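Trainee: I am sharing target_0.csv, which consists of CSV, N, CA and C atoms:
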chain,number,residue,atom,x,y,z
A,1,MET,N,-10.5,-3.5,41.8
A,1,MET,CA,-9.9,-4.0,40.6
A,1,MET,C,-10.0,-3.0,39.5
A,2,SER,N,-8.9,-2.7,38.8
A,2,SER,CA,-8.9,-1.7,37.7
A,2,SER,C,-9.5,-2.4,36.5
A,3,SER,N,-9.9,-1.6,35.5
A,3,SER,CA,-10.6,-2.2,34.3
A,3,SER,C,-9.6,-3.0,33.5
A,4,ILE,N,-8.3,-2.7,33.5
A,4,ILE,CA,-7.4,-3.6,32.8
A,4,ILE,C,-7.3,-5.0,33.4
A,5,GLU,N,-7.4,-5.1,34.7
A,5,GLU,CA,-7.4,-6.4,35.3
A,5,GLU,C,-8.6,-7.2,35.0
A,6,GLU,N,-9.7,-6.5,34.7
A,6,GLU,CA,-11.0,-7.2,34.3
A,6,GLU,C,-11.0,-7.8,32.9
A,7,ILE,N,-10.1,-7.3,32.1
A,7,ILE,CA,-10.0,-7.8,30.7
A,7,ILE,C,-9.2,-9.0,30.6
A,8,ASP,N,-9.8,-10.1,30.2
A,8,ASP,CA,-9.1,-11.4,30.2
A,8,ASP,C,-9.0,-11.9,28.7
A,9,TYR,N,-9.3,-11.1,27.7
A,9,TYR,CA,-9.2,-11.6,26.4
A,9,TYR,C,-8.0,-11.0,25.6
A,10,ILE,N,-7.1,-10.4,26.3
A,10,ILE,CA,-5.9,-9.9,25.7
A,10,ILE,C,-4.9,-11.0,25.3
A,11,ASP,N,-5.1,-11.5,24.1
A,11,ASP,CA,-4.2,-12.6,23.6
A,11,ASP,C,-3.0,-11.9,22.9
A,12,ALA,N,-2.2,-12.7,22.2
A,12,ALA,CA,-1.0,-12.1,21.5
A,12,ALA,C,-1.4,-11.1,20.4
A,13,ASP,N,-2.4,-11.4,19.7
A,13,ASP,CA,-2.8,-10.5,18.6
A,13,ASP,C,-3.3,-9.1,19.1
A,14,VAL,N,-4.2,-9.2,20.1
A,14,VAL,CA,-4.7,-8.0,20.7
A,14,VAL,C,-3.6,-7.2,21.4
A,15,ALA,N,-2.7,-7.8,22.1
A,15,ALA,CA,-1.6,-7.2,22.7
A,15,ALA,C,-0.7,-6.5,21.7
A,16,TYR,N,-0.4,-7.2,20.6
A,16,TYR,CA,0.4,-6.6,19.5
A,16,TYR,C,-0.3,-5.4,18.9
A,17,LEU,N,-1.6,-5.4,18.7
A,17,LEU,CA,-2.3,-4.2,18.1
A,17,LEU,C,-2.2,-3.1,19.1
A,18,LEU,N,-2.5,-3.3,20.4
A,18,LEU,CA,-2.5,-2.3,21.4
A,18,LEU,C,-1.1,-1.7,21.5
A,19,GLY,N,-0.1,-2.5,21.4
A,19,GLY,CA,1.3,-2.1,21.5
A,19,GLY,C,1.7,-1.2,20.3
A,20,LEU,N,1.2,-1.5,19.1
A,20,LEU,CA,1.4,-0.7,17.9
A,20,LEU,C,0.7,0.7,18.1
A,21,ILE,N,-0.5,0.6,18.6
A,21,ILE,CA,-1.2,1.9,18.8
A,21,ILE,C,-0.5,2.8,19.9
A,22,MET,N,-0.1,2.1,21.0
A,22,MET,CA,0.5,2.9,22.0
A,22,MET,C,1.8,3.5,21.6
A,23,ALA,N,2.6,2.7,20.9
A,23,ALA,CA,4.0,3.2,20.5
A,23,ALA,C,4.0,4.1,19.3
A,24,ARG,N,3.1,3.9,18.3
A,24,ARG,CA,3.2,4.6,17.1
A,24,ARG,C,1.9,5.2,16.6
A,25,GLY,N,0.8,5.0,17.3
A,25,GLY,CA,-0.5,5.4,16.8
A,25,GLY,C,-1.1,6.6,17.3
A,26,ARG,N,-2.1,7.0,16.6
A,26,ARG,CA,-3.0,8.1,17.1
A,26,ARG,C,-4.4,7.7,16.7
A,27,ILE,N,-5.4,8.2,17.4
A,27,ILE,CA,-6.8,7.9,17.2
A,27,ILE,C,-7.5,9.2,16.9
A,28,SER,N,-8.4,9.1,15.9
A,28,SER,CA,-9.1,10.3,15.6
A,28,SER,C,-10.6,9.9,15.2
A,29,GLU,N,-11.4,10.9,15.3
A,29,GLU,CA,-12.8,10.8,15.0
A,29,GLU,C,-13.3,12.1,14.3
A,30,SER,N,-13.7,12.0,13.1
A,30,SER,CA,-14.1,13.2,12.4
A,30,SER,C,-15.2,12.9,11.3
A,31,GLY,N,-16.3,13.6,11.4
A,31,GLY,CA,-17.4,13.4,10.4
A,31,GLY,C,-17.9,12.0,10.4
A,32,GLY,N,-18.0,11.3,11.5
A,32,GLY,CA,-18.5,10.0,11.6
A,32,GLY,C,-17.5,8.9,11.2
A,33,VAL,N,-16.3,9.3,10.8
A,33,VAL,CA,-15.3,8.3,10.4
A,33,VAL,C,-14.3,8.2,11.6
A,34,LYS,N,-14.1,7.0,12.1
A,34,LYS,CA,-13.2,6.8,13.2
A,34,LYS,C,-12.0,6.1,12.7
A,35,GLN,N,-10.8,6.6,13.1
A,35,GLN,CA,-9.6,6.1,12.5
A,35,GLN,C,-8.5,5.8,13.6
A,36,VAL,N,-7.7,4.8,13.3
A,36,VAL,CA,-6.5,4.6,14.1
A,36,VAL,C,-5.4,4.6,13.0
A,37,ILE,N,-4.4,5.5,13.2
A,37,ILE,CA,-3.3,5.7,12.3
A,37,ILE,C,-2.0,5.3,13.0
A,38,ILE,N,-1.4,4.3,12.5
A,38,ILE,CA,-0.1,3.8,13.0
A,38,ILE,C,1.0,4.1,12.0
A,39,GLU,N,1.9,5.0,12.5
A,39,GLU,CA,2.9,5.5,11.6
A,39,GLU,C,4.2,4.9,11.8
A,40,PHE,N,4.9,4.5,10.6
A,40,PHE,CA,6.2,4.0,10.6
A,40,PHE,C,7.1,4.9,9.8
A,41,PRO,N,7.9,5.8,10.5
A,41,PRO,CA,8.7,6.7,9.8
A,41,PRO,C,9.9,6.1,9.1
A,42,TYR,N,10.3,6.7,8.0
A,42,TYR,CA,11.5,6.2,7.2
A,42,TYR,C,12.7,6.5,8.0
A,43,ARG,N,13.7,5.6,8.0
A,43,ARG,CA,15.0,5.8,8.7
A,43,ARG,C,16.0,5.3,7.7
A,44,SER,N,17.2,5.9,7.8
A,44,SER,CA,18.3,5.3,7.0
A,44,SER,C,18.8,4.0,7.6
A,45,LEU,N,18.9,3.0,6.8
A,45,LEU,CA,19.4,1.7,7.3
A,45,LEU,C,20.8,1.5,6.8
A,46,GLU,N,21.6,1.0,7.7
A,46,GLU,CA,23.0,0.5,7.3
A,46,GLU,C,23.1,-0.9,7.7
A,47,VAL,N,23.5,-1.7,6.7
A,47,VAL,CA,23.6,-3.2,7.0
A,47,VAL,C,25.1,-3.6,6.8
A,48,ASP,N,25.6,-4.2,7.9
A,48,ASP,CA,27.0,-4.6,7.9
A,48,ASP,C,27.2,-5.6,6.8
A,49,GLY,N,28.3,-5.5,6.0
A,49,GLY,CA,28.6,-6.4,4.9
A,49,GLY,C,27.8,-6.2,3.6
A,50,PHE,N,27.0,-5.2,3.6
A,50,PHE,CA,26.1,-5.0,2.4
A,50,PHE,C,26.4,-3.6,1.8
A,51,ALA,N,26.9,-3.5,0.6
A,51,ALA,CA,27.3,-2.2,0.1
A,51,ALA,C,26.2,-1.5,-0.7
A,52,GLY,N,25.1,-2.2,-1.0
A,52,GLY,CA,24.0,-1.7,-1.7
A,52,GLY,C,23.1,-0.7,-1.0
A,53,THR,N,22.1,-0.3,-1.6
A,53,THR,CA,21.2,0.7,-1.0
A,53,THR,C,19.9,-0.1,-0.4
A,54,VAL,N,19.5,0.2,0.8
A,54,VAL,CA,18.4,-0.3,1.4
A,54,VAL,C,17.2,0.7,1.2
A,55,HIS,N,16.2,0.2,0.5
A,55,HIS,CA,15.0,1.1,0.2
A,55,HIS,C,14.0,0.9,1.4
A,56,THR,N,14.2,1.8,2.4
A,56,THR,CA,13.4,1.7,3.6
A,56,THR,C,11.9,1.7,3.4
A,57,SER,N,11.4,2.5,2.5
A,57,SER,CA,9.9,2.5,2.3
A,57,SER,C,9.4,1.2,1.8
A,58,ASP,N,10.2,0.6,0.8
A,58,ASP,CA,9.8,-0.7,0.3
A,58,ASP,C,9.8,-1.8,1.4
A,59,ALA,N,10.9,-1.8,2.2
A,59,ALA,CA,11.0,-2.8,3.3
A,59,ALA,C,9.9,-2.6,4.3
A,60,ILE,N,9.5,-1.4,4.6
A,60,ILE,CA,8.4,-1.2,5.6
A,60,ILE,C,7.1,-1.7,4.9
A,61,LYS,N,6.8,-1.4,3.7
A,61,LYS,CA,5.6,-1.8,3.0
A,61,LYS,C,5.5,-3.3,3.0
A,62,LEU,N,6.6,-4.0,2.7
A,62,LEU,CA,6.5,-5.4,2.6
A,62,LEU,C,6.2,-6.0,4.0
A,63,GLY,N,6.8,-5.5,5.0
A,63,GLY,CA,6.5,-5.9,6.4
A,63,GLY,C,5.0,-5.6,6.8
A,64,LEU,N,4.5,-4.5,6.3
A,64,LEU,CA,3.2,-4.1,6.7
A,64,LEU,C,2.1,-4.9,6.1
A,65,GLN,N,2.4,-5.6,5.0
A,65,GLN,CA,1.4,-6.4,4.3
A,65,GLN,C,0.9,-7.6,5.2
A,66,GLN,N,1.9,-8.2,5.9
A,66,GLN,CA,1.5,-9.2,6.9
A,66,GLN,C,0.8,-8.7,8.1
A,67,ILE,N,1.2,-7.5,8.6
A,67,ILE,CA,0.6,-6.9,9.7
A,67,ILE,C,-0.9,-6.5,9.3
A,68,GLN,N,-1.0,-6.0,8.0
A,68,GLN,CA,-2.3,-5.5,7.5
A,68,GLN,C,-3.3,-6.7,7.6
A,69,GLU,N,-2.9,-7.9,7.1
A,69,GLU,CA,-3.8,-9.0,7.2
A,69,GLU,C,-4.1,-9.4,8.6
A,70,ARG,N,-3.2,-9.4,9.5
A,70,ARG,CA,-3.4,-9.7,10.9
A,70,ARG,C,-4.4,-8.8,11.6
A,71,VAL,N,-4.2,-7.5,11.3
A,71,VAL,CA,-5.1,-6.5,11.9
A,71,VAL,C,-6.5,-6.6,11.3
A,72,LEU,N,-6.6,-6.8,10.0
A,72,LEU,CA,-7.9,-7.0,9.3
A,72,LEU,C,-8.7,-8.2,9.9
A,73,GLU,N,-8.0,-9.3,10.1
A,73,GLU,CA,-8.6,-10.4,10.8
A,73,GLU,C,-9.1,-10.1,12.2
A,74,LEU,N,-8.3,-9.4,12.9
A,74,LEU,CA,-8.6,-9.1,14.3
A,74,LEU,C,-9.7,-8.0,14.4
A,75,THR,N,-9.7,-7.0,13.6
A,75,THR,CA,-10.7,-5.9,13.8
A,75,THR,C,-11.9,-5.9,12.8
A,76,GLY,N,-11.7,-6.5,11.7
A,76,GLY,CA,-12.8,-6.4,10.7
A,76,GLY,C,-13.0,-5.0,10.1
A,77,SER,N,-12.0,-4.1,10.4
A,77,SER,CA,-12.1,-2.7,9.9
A,77,SER,C,-11.5,-2.6,8.5
A,78,ASP,N,-11.7,-1.5,7.9
A,78,ASP,CA,-11.0,-1.2,6.6
A,78,ASP,C,-9.6,-0.9,6.9
A,79,VAL,N,-8.6,-1.7,6.5
A,79,VAL,CA,-7.2,-1.5,6.8
A,79,VAL,C,-6.4,-1.2,5.5
A,80,SER,N,-5.8,-0.1,5.5
A,80,SER,CA,-5.0,0.3,4.3
A,80,SER,C,-3.6,0.7,4.7
A,81,ILE,N,-2.7,0.6,3.7
A,81,ILE,CA,-1.3,1.1,3.8
A,81,ILE,C,-1.2,2.4,3.0
A,82,VAL,N,-0.8,3.4,3.7
A,82,VAL,CA,-0.7,4.8,3.0
A,82,VAL,C,0.7,5.2,3.1
A,83,SER,N,1.3,5.5,1.9
A,83,SER,CA,2.7,6.0,1.8
A,83,SER,C,2.7,7.5,1.9
A,84,GLY,N,3.5,8.1,2.7
A,84,GLY,CA,3.7,9.5,2.8
A,84,GLY,C,5.1,9.9,2.4
A,85,GLU,N,5.4,11.2,2.6
A,85,GLU,CA,6.7,11.7,2.2
A,85,GLU,C,7.8,11.2,3.2
A,86,LYS,N,7.5,11.1,4.5
A,86,LYS,CA,8.4,10.7,5.5
A,86,LYS,C,8.1,9.5,6.3
A,87,SER,N,7.0,8.8,5.9
A,87,SER,CA,6.6,7.6,6.6
A,87,SER,C,5.6,6.8,5.8
A,88,VAL,N,5.4,5.6,6.3
A,88,VAL,CA,4.3,4.7,5.8
A,88,VAL,C,3.3,4.5,7.0
A,89,SER,N,2.0,4.6,6.7
A,89,SER,CA,1.1,4.5,7.8
A,89,SER,C,0.1,3.3,7.5
A,90,LEU,N,-0.2,2.6,8.6
A,90,LEU,CA,-1.3,1.6,8.6
A,90,LEU,C,-2.5,2.3,9.1
A,91,VAL,N,-3.6,2.4,8.3
A,91,VAL,CA,-4.8,3.2,8.7
A,91,VAL,C,-5.9,2.2,8.8
A,92,LEU,N,-6.5,2.2,10.0
A,92,LEU,CA,-7.7,1.4,10.3
A,92,LEU,C,-8.9,2.4,10.3
A,93,ARG,N,-9.9,2.1,9.5
A,93,ARG,CA,-11.0,3.0,9.4
A,93,ARG,C,-12.3,2.2,9.9
A,94,PHE,N,-13.0,2.8,10.8
A,94,PHE,CA,-14.2,2.2,11.4
A,94,PHE,C,-15.3,3.1,11.0
A,95,LEU,N,-16.3,2.6,10.2
A,95,LEU,CA,-17.5,3.4,9.8
A,95,LEU,C,-18.6,3.4,10.8
A,96,ARG,N,-18.5,2.4,11.7
A,96,ARG,CA,-19.5,2.3,12.8
A,96,ARG,C,-18.9,2.3,14.1
A,97,ASN,N,-19.7,2.6,15.1
A,97,ASN,CA,-19.2,2.6,16.5
A,97,ASN,C,-19.1,1.2,17.1
A,98,THR,N,-18.3,0.3,16.5
A,98,THR,CA,-18.2,-1.1,16.8
A,98,THR,C,-17.6,-1.4,18.2
A,99,MET,N,-17.8,-2.6,18.6
A,99,MET,CA,-17.2,-3.0,19.9
A,99,MET,C,-15.7,-2.9,19.9
A,100,VAL,N,-15.1,-3.2,18.7
A,100,VAL,CA,-13.6,-3.1,18.6
A,100,VAL,C,-13.2,-1.7,18.8
A,101,TRP,N,-13.9,-0.7,18.1
A,101,TRP,CA,-13.5,0.7,18.2
A,101,TRP,C,-13.7,1.1,19.6
A,102,ARG,N,-14.8,0.8,20.3
A,102,ARG,CA,-15.0,1.2,21.7
A,102,ARG,C,-14.0,0.6,22.6
A,103,ASN,N,-13.6,-0.6,22.4
A,103,ASN,CA,-12.6,-1.2,23.2
A,103,ASN,C,-11.2,-0.6,23.0
A,104,ILE,N,-10.8,-0.3,21.8
A,104,ILE,CA,-9.6,0.4,21.6
A,104,ILE,C,-9.6,1.7,22.3
A,105,ARG,N,-10.6,2.5,22.1
A,105,ARG,CA,-10.7,3.8,22.8
A,105,ARG,C,-10.7,3.6,24.3
A,106,GLY,N,-11.4,2.7,24.8
A,106,GLY,CA,-11.5,2.5,26.3
A,106,GLY,C,-10.2,2.0,26.9
A,107,VAL,N,-9.6,1.0,26.3
A,107,VAL,CA,-8.3,0.5,26.8
A,107,VAL,C,-7.2,1.5,26.7
A,108,MET,N,-7.2,2.3,25.6
A,108,MET,CA,-6.1,3.2,25.4
A,108,MET,C,-6.4,4.6,26.1
A,109,CYS,N,-7.6,4.7,26.6
A,109,CYS,CA,-8.0,5.9,27.4
A,109,CYS,C,-8.0,7.2,26.6
A,110,TRP,N,-8.6,7.1,25.4
A,110,TRP,CA,-8.6,8.3,24.5
A,110,TRP,C,-10.0,8.8,24.5
A,111,ASN,N,-10.1,10.2,24.4
A,111,ASN,CA,-11.4,10.8,24.2
A,111,ASN,C,-11.7,11.0,22.7
A,112,THR,N,-12.8,11.6,22.4
A,112,THR,CA,-13.2,11.6,21.0
A,112,THR,C,-12.4,12.6,20.1
A,113,ILE,N,-11.6,13.4,20.7
A,113,ILE,CA,-10.7,14.3,19.9
A,113,ILE,C,-9.3,13.8,19.8
A,114,GLY,N,-9.0,12.6,20.3
A,114,GLY,CA,-7.7,11.9,20.1
A,114,GLY,C,-6.7,12.3,21.1
A,115,LYS,N,-7.0,12.8,22.3
A,115,LYS,CA,-6.0,13.2,23.3
A,115,LYS,C,-6.2,12.2,24.5
A,116,PRO,N,-5.1,11.8,25.1
A,116,PRO,CA,-5.3,10.9,26.3
A,116,PRO,C,-5.9,11.7,27.4
A,117,VAL,N,-6.9,11.1,28.1
A,117,VAL,CA,-7.5,11.7,29.2
A,117,VAL,C,-7.0,11.3,30.5
A,118,LYS,N,-6.4,10.1,30.6
A,118,LYS,CA,-5.8,9.6,31.8
A,118,LYS,C,-4.9,8.4,31.5
A,119,TYR,N,-4.1,8.0,32.5
A,119,TYR,CA,-3.3,6.9,32.3
A,119,TYR,C,-3.9,5.6,32.9
A,120,HIS,N,-3.6,4.5,32.3
A,120,HIS,CA,-4.0,3.2,32.8
A,120,HIS,C,-2.6,2.7,33.3
A,121,GLY,N,-2.2,3.0,34.5
A,121,GLY,CA,-0.9,2.7,35.0
A,121,GLY,C,-0.6,1.2,34.8
A,122,LYS,N,-1.5,0.4,35.0
A,122,LYS,CA,-1.3,-1.1,34.9
A,122,LYS,C,-0.9,-1.4,33.5
A,123,LEU,N,-1.6,-0.9,32.5
A,123,LEU,CA,-1.3,-1.2,31.1
A,123,LEU,C,0.0,-0.6,30.7
A,124,LEU,N,0.3,0.6,31.1
A,124,LEU,CA,1.6,1.3,30.7
A,124,LEU,C,2.8,0.6,31.3
A,125,SER,N,2.6,0.1,32.6
A,125,SER,CA,3.7,-0.5,33.2
A,125,SER,C,4.1,-1.9,32.6
A,126,LEU,N,3.2,-2.5,31.8
A,126,LEU,CA,3.5,-3.7,31.1
A,126,LEU,C,4.6,-3.5,30.1
A,127,SER,N,4.7,-2.4,29.6
A,127,SER,CA,5.7,-2.1,28.6
A,127,SER,C,7.0,-1.5,29.2
A,128,GLY,N,7.0,-1.3,30.5
A,128,GLY,CA,8.1,-0.7,31.2
A,128,GLY,C,8.1,0.8,31.2
A,129,ILE,N,7.0,1.4,30.7
A,129,ILE,CA,6.8,2.9,30.8
A,129,ILE,C,5.6,3.2,31.6
A,130,GLY,N,5.5,4.5,32.0
A,130,GLY,CA,4.4,4.9,32.8
A,130,GLY,C,4.5,4.6,34.3
A,131,PRO,N,3.5,5.0,35.0
A,131,PRO,CA,3.5,4.8,36.5
A,131,PRO,C,3.4,3.4,36.9
A,132,GLN,N,4.1,3.0,37.9
A,132,GLN,CA,4.0,1.6,38.4
A,132,GLN,C,3.0,1.6,39.6
A,133,ARG,N,2.2,0.6,39.7
A,133,ARG,CA,1.3,0.4,40.8
A,133,ARG,C,1.8,-0.7,41.7
A,134,ALA,N,1.5,-0.5,43.0
A,134,ALA,CA,1.9,-1.5,44.0
A,134,ALA,C,0.9,-2.6,44.0
Spit out the file's structure as structure tokens when you get a sec.
Mentor:
Amino acid sequence: MSSIEEIDYIDADVAYLLGLIMARGRISESGGVKQVIIEFPYRSLEVDGFAGTVHTSDAIKLGLQQIQERVLELTGSDVSIVSGEKSVSLVLRFLRNTMVWRNIRGVMCWNTIGKPVKYHGKLLSLSGIGPQRA
């Protein structure tokens, strides 16, 4: 049995967070501060039937406020929204080596310098990407 099959606590909130990390995130550890950075790049939006301007950064920030509360409730970490030149990021900061931090690193298969060390074929195949297992 693979380790992903042994995990039975992946509810909708946990799956959502892992999906965000897998699709848009990176994990880092430096000077005792552990971070998950989930980046949402700005894109030009065109809306049919709307002649005005869509402010992408504002729209992303508004959406991230609800996500920020959801992630805060789930992780108990310091969660902030950081605006950049080309993107808005949701930054989760862990000051201790908590179980949540360990589980994120373990499930996502990341080492301490933020590079993937192996695939969890079972987890990746849930999203339709990665190797499939029989």
Trainee: For A:Leu74, which residue among A:Phe50, A:Val14, A:Arg105, A:Leu90 is the nearest when counting only N, CA and C atoms?
Mentor: A:Val14
Trainee: Figure out the distance between atom CA of A:Leu20 and atom CA of A:Ser87, please, to one decimal in Å.
Mentor: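 Computing it gives 15.0 Å between the two atoms.
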Trainee: Enumerate the residues of stretch 84-114 of chain A with a DSSP assignment of strand (DSSP E or B), computed from the backbone, and present them as a PyMOL selection string.
Mentor: chain A and resi 87-94+110
Trainee: Leaving out A:Lys61 and any residue of its chain fewer than 5 positions from it, which residues lie within 8 Å of it when counting all atoms listed in the file, given as a VMD selection string?
Mentor: chain A and resid 55 to 56 66 81 88
Trainee: Could you pull the residues within 9 Å of A:Ile37, counting only C-alpha atoms, minus those fewer than 5 positions along the same chain, as a list of chain:residue names?
Mentor: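 Final neighbour list, sorted by chain and number: A:Ile21, A:Arg24, A:Gly25, A:Arg26, A:Ile27, A:Ser28, A:Ser89, A:Leu90, A:Val91, A:Leu92, A:Arg93.
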Trainee: Measure the distance from atom CA of A:Val54 to atom N of A:Val79 in Å and round it to one decimal.
Mentor: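 If I compute the distance from atom CA of A:Val54 to atom N of A:Val79, I get 27.5 Å.
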Trainee: So which one's closest to A:Leu95, A:Ala12, A:Val33, A:Ile38, A:Val47? Using all atoms listed in the file, please.
Mentor: A:Val33
Trainee: Where does DSSP see alpha helix (DSSP H) in stretch 4-122 of chain A, if you list the residues as number ranges by chain?
Mentor: A: 4-6, 12-24, 56-75, 99-108, 121-122
Trainee: Next, the residues of the selection above should be written as a short mmCIF file (atom, residue, chain, number, x, y, z; two decimals), keeping the file's coordinate frame with N, CA and C atoms.
Mentor:
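Generated output (selection09.cif):
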data_model
loop_
_atom_site.label_atom_id
_atom_site.label_comp_id
_atom_site.auth_asym_id
_atom_site.auth_seq_id
_atom_site.Cartn_x
_atom_site.Cartn_y
_atom_site.Cartn_z
N ILE A 4 -8.30 -2.70 33.50
CA ILE A 4 -7.40 -3.60 32.80
C ILE A 4 -7.30 -5.00 33.40
N GLU A 5 -7.40 -5.10 34.70
CA GLU A 5 -7.40 -6.40 35.30
C GLU A 5 -8.60 -7.20 35.00
N GLU A 6 -9.70 -6.50 34.70
CA GLU A 6 -11.00 -7.20 34.30
C GLU A 6 -11.00 -7.80 32.90
N ALA A 12 -2.20 -12.70 22.20
CA ALA A 12 -1.00 -12.10 21.50
C ALA A 12 -1.40 -11.10 20.40
N ASP A 13 -2.40 -11.40 19.70
CA ASP A 13 -2.80 -10.50 18.60
C ASP A 13 -3.30 -9.10 19.10
N VAL A 14 -4.20 -9.20 20.10
CA VAL A 14 -4.70 -8.00 20.70
C VAL A 14 -3.60 -7.20 21.40
N ALA A 15 -2.70 -7.80 22.10
CA ALA A 15 -1.60 -7.20 22.70
C ALA A 15 -0.70 -6.50 21.70
N TYR A 16 -0.40 -7.20 20.60
CA TYR A 16 0.40 -6.60 19.50
C TYR A 16 -0.30 -5.40 18.90
N LEU A 17 -1.60 -5.40 18.70
CA LEU A 17 -2.30 -4.20 18.10
C LEU A 17 -2.20 -3.10 19.10
N LEU A 18 -2.50 -3.30 20.40
CA LEU A 18 -2.50 -2.30 21.40
C LEU A 18 -1.10 -1.70 21.50
N GLY A 19 -0.10 -2.50 21.40
CA GLY A 19 1.30 -2.10 21.50
C GLY A 19 1.70 -1.20 20.30
N LEU A 20 1.20 -1.50 19.10
CA LEU A 20 1.40 -0.70 17.90
C LEU A 20 0.70 0.70 18.10
N ILE A 21 -0.50 0.60 18.60
CA ILE A 21 -1.20 1.90 18.80
C ILE A 21 -0.50 2.80 19.90
N MET A 22 -0.10 2.10 21.00
CA MET A 22 0.50 2.90 22.00
C MET A 22 1.80 3.50 21.60
N ALA A 23 2.60 2.70 20.90
CA ALA A 23 4.00 3.20 20.50
C ALA A 23 4.00 4.10 19.30
N ARG A 24 3.10 3.90 18.30
CA ARG A 24 3.20 4.60 17.10
C ARG A 24 1.90 5.20 16.60
N THR A 56 14.20 1.80 2.40
CA THR A 56 13.40 1.70 3.60
C THR A 56 11.90 1.70 3.40
N SER A 57 11.40 2.50 2.50
CA SER A 57 9.90 2.50 2.30
C SER A 57 9.40 1.20 1.80
N ASP A 58 10.20 0.60 0.80
CA ASP A 58 9.80 -0.70 0.30
C ASP A 58 9.80 -1.80 1.40
N ALA A 59 10.90 -1.80 2.20
CA ALA A 59 11.00 -2.80 3.30
C ALA A 59 9.90 -2.60 4.30
N ILE A 60 9.50 -1.40 4.60
CA ILE A 60 8.40 -1.20 5.60
C ILE A 60 7.10 -1.70 4.90
N LYS A 61 6.80 -1.40 3.70
CA LYS A 61 5.60 -1.80 3.00
C LYS A 61 5.50 -3.30 3.00
N LEU A 62 6.60 -4.00 2.70
CA LEU A 62 6.50 -5.40 2.60
C LEU A 62 6.20 -6.00 4.00
N GLY A 63 6.80 -5.50 5.00
CA GLY A 63 6.50 -5.90 6.40
C GLY A 63 5.00 -5.60 6.80
N LEU A 64 4.50 -4.50 6.30
CA LEU A 64 3.20 -4.10 6.70
C LEU A 64 2.10 -4.90 6.10
N GLN A 65 2.40 -5.60 5.00
CA GLN A 65 1.40 -6.40 4.30
C GLN A 65 0.90 -7.60 5.20
N GLN A 66 1.90 -8.20 5.90
CA GLN A 66 1.50 -9.20 6.90
C GLN A 66 0.80 -8.70 8.10
N ILE A 67 1.20 -7.50 8.60
CA ILE A 67 0.60 -6.90 9.70
C ILE A 67 -0.90 -6.50 9.30
N GLN A 68 -1.00 -6.00 8.00
CA GLN A 68 -2.30 -5.50 7.50
C GLN A 68 -3.30 -6.70 7.60
N GLU A 69 -2.90 -7.90 7.10
CA GLU A 69 -3.80 -9.00 7.20
C GLU A 69 -4.10 -9.40 8.60
N ARG A 70 -3.20 -9.40 9.50
CA ARG A 70 -3.40 -9.70 10.90
C ARG A 70 -4.40 -8.80 11.60
N VAL A 71 -4.20 -7.50 11.30
CA VAL A 71 -5.10 -6.50 11.90
C VAL A 71 -6.50 -6.60 11.30
N LEU A 72 -6.60 -6.80 10.00
CA LEU A 72 -7.90 -7.00 9.30
C LEU A 72 -8.70 -8.20 9.90
N GLU A 73 -8.00 -9.30 10.10
CA GLU A 73 -8.60 -10.40 10.80
C GLU A 73 -9.10 -10.10 12.20
N LEU A 74 -8.30 -9.40 12.90
CA LEU A 74 -8.60 -9.10 14.30
C LEU A 74 -9.70 -8.00 14.40
N THR A 75 -9.70 -7.00 13.60
CA THR A 75 -10.70 -5.90 13.80
C THR A 75 -11.90 -5.90 12.80
N MET A 99 -17.80 -2.60 18.60
CA MET A 99 -17.20 -3.00 19.90
C MET A 99 -15.70 -2.90 19.90
N VAL A 100 -15.10 -3.20 18.70
CA VAL A 100 -13.60 -3.10 18.60
C VAL A 100 -13.20 -1.70 18.80
N TRP A 101 -13.90 -0.70 18.10
CA TRP A 101 -13.50 0.70 18.20
C TRP A 101 -13.70 1.10 19.60
N ARG A 102 -14.80 0.80 20.30
CA ARG A 102 -15.00 1.20 21.70
C ARG A 102 -14.00 0.60 22.60
N ASN A 103 -13.60 -0.60 22.40
CA ASN A 103 -12.60 -1.20 23.20
C ASN A 103 -11.20 -0.60 23.00
N ILE A 104 -10.80 -0.30 21.80
CA ILE A 104 -9.60 0.40 21.60
C ILE A 104 -9.60 1.70 22.30
N ARG A 105 -10.60 2.50 22.10
CA ARG A 105 -10.70 3.80 22.80
C ARG A 105 -10.70 3.60 24.30
N GLY A 106 -11.40 2.70 24.80
CA GLY A 106 -11.50 2.50 26.30
C GLY A 106 -10.20 2.00 26.90
N VAL A 107 -9.60 1.00 26.30
CA VAL A 107 -8.30 0.50 26.80
C VAL A 107 -7.20 1.50 26.70
N MET A 108 -7.20 2.30 25.60
CA MET A 108 -6.10 3.20 25.40
C MET A 108 -6.40 4.60 26.10
N GLY A 121 -2.20 3.00 34.50
CA GLY A 121 -0.90 2.70 35.00
C GLY A 121 -0.60 1.20 34.80
N LYS A 122 -1.50 0.40 35.00
CA LYS A 122 -1.30 -1.10 34.90
C LYS A 122 -0.90 -1.40 33.50
#
Trainee: With only C-alpha atoms as the basis for distance, which of A:Phe40, A:Arg70, A:Ile10, A:Gly31 is at the shortest distance from A:Asp58?
Mentor: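 Using only C-alpha atoms, A:Asp58 sits closest to A:Phe40.
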Trainee: When distances are computed from only C-alpha atoms, which of A:Val71, A:Met108, A:Leu64, A:Val100 shows the smallest separation from A:Ser83?
Mentor: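 Among the listed residues, A:Leu64 lies closest to A:Ser83.
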